[in-house]
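Printed here is protein_28.cif (mmCIF, C-alpha atoms):
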```
data_my_file
#
loop_
_atom_site.label_atom_id
_atom_site.label_comp_id
_atom_site.auth_asym_id
_atom_site.auth_seq_id
_atom_site.Cartn_x
_atom_site.Cartn_y
_atom_site.Cartn_z
CA MET A 1 2.06 -1.34 4.19
CA HIS A 2 4.43 -1.37 1.26
CA VAL A 3 4.74 0.49 -2.01
CA THR A 4 2.31 -1.24 -4.36
CA MET A 5 2.28 -0.79 -8.11
CA LYS A 6 -0.91 1.23 -7.70
CA SER A 7 0.59 3.58 -5.10
CA ALA A 8 3.87 3.90 -7.03
CA LEU A 9 1.98 4.86 -10.19
CA ALA A 10 -0.14 7.35 -8.20
CA ALA A 11 3.04 8.96 -6.85
CA VAL A 12 4.55 9.19 -10.32
CA GLU A 13 1.36 10.75 -11.72
CA ALA A 14 1.10 13.31 -8.90
CA ALA A 15 4.74 14.23 -9.39
CA ARG A 16 4.28 14.47 -13.18
CA LYS A 17 1.34 16.85 -12.72
CA GLU A 18 3.47 19.07 -10.47
CA ALA A 19 6.26 19.09 -13.07
CA VAL A 20 3.75 20.18 -15.73
CA LYS A 21 2.53 22.93 -13.40
CA LEU A 22 6.15 24.09 -12.98
CA LYS A 23 6.63 23.95 -16.78
CA THR A 24 9.50 21.48 -16.61
CA GLN A 25 10.25 17.96 -17.83
CA MET A 26 11.30 15.38 -15.28
CA CYS A 27 12.36 11.81 -14.76
CA ILE A 28 10.47 10.34 -11.81
CA ALA A 29 11.32 7.08 -10.04
CA VAL A 30 9.70 5.19 -7.16
CA VAL A 31 11.49 2.35 -5.39
CA ASP A 32 10.31 -0.09 -2.73
CA SER A 33 11.97 -0.57 0.67
CA GLY A 34 14.60 -2.83 -0.93
CA ALA A 35 15.54 -0.07 -3.41
CA ASN A 36 14.00 -2.03 -6.28
CA LEU A 37 12.50 0.11 -9.04
CA LYS A 38 8.71 0.00 -8.79
CA ALA A 39 7.64 2.73 -11.24
CA PHE A 40 9.40 5.16 -13.54
CA VAL A 41 8.53 7.78 -16.14
CA ARG A 42 10.65 9.98 -18.33
CA MET A 43 8.54 12.91 -19.46
CA ASP A 44 8.85 14.00 -23.08
CA ASP A 45 12.04 16.01 -23.58
CA ALA A 46 13.41 15.24 -20.11
CA TRP A 47 17.18 14.88 -20.09
CA VAL A 48 18.46 11.37 -20.68
CA GLY A 49 21.06 11.96 -17.95
CA SER A 50 18.26 12.53 -15.46
CA ILE A 51 17.11 8.90 -15.76
CA ASP A 52 20.03 7.61 -13.70
CA ILE A 53 19.92 10.57 -11.31
CA ALA A 54 16.21 10.13 -10.49
CA ILE A 55 16.65 6.42 -9.79
CA LYS A 56 19.76 7.03 -7.68
CA LYS A 57 18.01 9.77 -5.70
CA ALA A 58 15.21 7.34 -4.84
CA LYS A 59 17.70 4.62 -3.91
CA THR A 60 19.79 7.02 -1.82
CA ALA A 61 16.70 8.19 0.11
CA VAL A 62 15.63 4.62 0.90
CA TYR A 63 19.14 3.36 1.69
CA PHE A 64 19.58 5.97 4.42
CA GLY A 65 15.98 6.81 5.33
CA MET A 66 16.34 10.54 4.84
CA PRO A 67 15.89 13.16 2.15
CA THR A 68 18.83 13.32 -0.25
CA GLY A 69 19.27 17.02 0.47
CA GLU A 70 19.89 16.21 4.15
CA ILE A 71 22.50 13.64 3.19
CA GLY A 72 24.09 16.31 1.02
CA LYS A 73 24.46 18.63 3.99
CA LEU A 74 26.25 15.87 5.93
CA SER A 75 28.49 14.87 3.00
CA GLN A 76 30.25 18.21 2.50
CA PRO A 77 34.01 18.39 3.14
CA GLY A 78 34.53 17.98 6.86
CA GLY A 79 31.03 16.52 7.30
CA SER A 80 30.33 13.23 9.02
CA LEU A 81 29.29 11.59 5.71
CA PHE A 82 31.98 13.11 3.47
CA GLY A 83 32.56 10.81 0.49
CA ILE A 84 29.37 8.77 0.96
CA GLU A 85 28.30 9.44 -2.63
CA HIS A 86 30.96 6.98 -3.76
CA SER A 87 29.31 4.07 -1.93
CA ASN A 88 26.54 1.78 -3.16
CA GLU A 89 27.54 2.13 -6.82
CA GLY A 90 27.02 5.88 -6.61
CA LEU A 91 24.61 7.97 -4.58
CA ILE A 92 23.04 11.35 -5.27
CA THR A 93 23.29 13.74 -2.35
CA PHE A 94 21.37 16.81 -3.46
CA PRO A 95 17.60 17.47 -3.15
CA GLY A 96 14.98 15.53 -5.08
CA GLY A 97 14.93 12.19 -3.27
CA LEU A 98 12.48 11.58 -0.42
CA PRO A 99 11.82 8.48 1.67
CA ILE A 100 8.24 7.21 1.79
CA VAL A 101 7.10 6.36 5.31
CA ASP A 102 3.69 4.90 6.10
CA GLU A 103 1.34 6.04 8.87
CA GLU A 104 2.96 3.57 11.30
CA GLY A 105 6.44 5.03 10.78
CA VAL A 106 7.68 2.22 8.56
CA LEU A 107 10.04 3.11 5.70
CA VAL A 108 8.32 1.54 2.67
CA GLY A 109 10.14 3.10 -0.28
CA ALA A 110 11.27 6.37 -1.80
CA ILE A 111 10.70 8.74 -4.70
CA GLY A 112 13.45 10.38 -6.73
CA VAL A 113 13.07 13.19 -9.26
CA SER A 114 15.54 14.84 -11.63
CA GLY A 115 15.35 17.25 -14.53
CA SER A 116 15.23 20.81 -13.26
CA SER A 117 16.66 22.92 -10.45
CA VAL A 118 17.07 21.06 -7.15
CA GLU A 119 14.31 23.26 -5.75
CA ASN A 120 11.90 22.10 -8.45
CA ASP A 121 13.12 18.50 -8.13
CA HIS A 122 12.25 18.63 -4.43
CA LYS A 123 8.82 20.20 -5.06
CA VAL A 124 7.96 17.53 -7.63
CA ALA A 125 9.16 14.70 -5.36
CA ALA A 126 7.13 16.15 -2.47
CA ALA A 127 4.01 16.24 -4.64
CA GLY A 128 4.45 12.55 -5.44
CA LEU A 129 5.17 11.67 -1.83
CA LYS A 130 2.05 13.47 -0.61
CA VAL A 131 -0.30 10.91 -2.23
CA VAL A 132 1.43 7.80 -0.85
CA GLY A 133 2.90 8.56 2.56
CA ILE A 134 4.86 10.97 4.66
CA CYS A 135 8.54 11.84 4.91
CA ASP A 136 8.87 12.86 8.55
CA LEU A 137 10.71 9.99 10.15
CA PRO A 138 10.90 9.08 13.82
CA GLN A 139 14.28 8.98 15.49
CA HIS A 140 16.71 6.43 14.04
CA PRO A 141 16.67 3.46 13.83
CA TRP A 142 13.81 3.44 11.39
CA ARG A 143 11.54 0.48 10.99
CA THR A 144 11.81 -1.22 7.61
#
```
Target encoding structure tokens, full file:
Amino acid sequence: MHVTMKSALAAVEAARKEAVKLKTQMCIAVVDSGANLKAFVRMDDAWVGSIDIAIKKAKTAVYFGMPTGEIGKLSQPGGSLFGIEHSNEGLITFPGGLPIVDEEGVLVGAIGVSGSSVENDHKVAAAGLKVVGICDLPQHPWRT
């Protein structure tokens, strides 16, 4: 399986509905397993700065096959990934980016969300993920 246009749009719409429920405006991005943008929406009045952040959260999640919040924990001073956010033309290492894994455990893409608190960003990303795949990954190395 891979992230199709249909599934990417379904993820964006599910995430958008969750953002509306939370009374916030978000930028929502879905990328495929190669980190290529597949679908994107900037809700009315969402911050312009969140466009880049949402896309980079999705790319970060797919590049490393883990939620961006987990990468953030590892990238703190003294952590094993300290400084990683400076790689790959800039990564985002706080919550709101989730890898999309299919039912066979294959990493097929990621969703990234920005525009509110990191807690809300994560909730909105999780709502989008729920309609297209799972996030729980098997032990590394992942299958891509």
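Among the candidates A:Ile71, A:Ala14, A:Met5, A:Ala19, the residue lying nearest to Ala39 in chain A is A:Met5 (atoms considered: all atoms listed in the file).
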One decimal, Å: what's the distance from CA of Arg16 in chain A over to CA of Pro95 in chain A, could you say? 16.9 Å
From A:Leu22, A:Gly133, A:Val48, A:Ala58, residue lying nearest Ala110 in chain A [only C-alpha atoms]: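 Ranked by minimum distance to Ala110 in chain A, first place goes to A:Ala58.
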Could you list, as an MDAnalysis selection string, every residue matched by the PyMOL selection byres ((chain A and resi 13) around 10) in this structure? chainID A and resid 7:12 14:19 28 40:41 127:128 131
Can you give me, as number ranges by chain, the residues this file yields under the PyMOL selection byres ((chain A and resi 34) around 9)? A: 31-33, 35-37, 59, 62-63, 108-109
Run the PyMOL selection byres ((chain A and resi 51) around 8) mentally over the shown coordinates, then write out the matched residues as a PyMOL selection string, using the chain letters and numbers from the document. chain A and resi 27-28+42+47-50+52-55+114
In terms of all atoms listed in the file, the residue from A:Val101, A:Ile134, A:Ile92, A:Ala125 at minimal distance from Ser75 in chain A is A:Ile92
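Candidate residues A:Asn88, A:Val113, A:Val118, A:Ala46 were compared for distance to Gln25 in chain A, and the nearest is A:Ala46, using all atoms listed in the file.
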Find the residue from A:Lys6, A:Lys56, A:Lys21, A:His122 that sits nearest to His86 in chain A; use all atoms listed in the file when measuring.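 Closest to His86 in chain A of all the choices is A:Lys56.
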I'd like to know which of A:Leu129, A:Gly78, A:Asp44, A:Glu104 is closest to Thr24 in chain A, using all atoms listed in the file.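 The closest residue to Thr24 in chain A is A:Asp44.
Put simply, CA of Gly105 in chain A is 22.1 Å away from CA of Lys123 in chain A.
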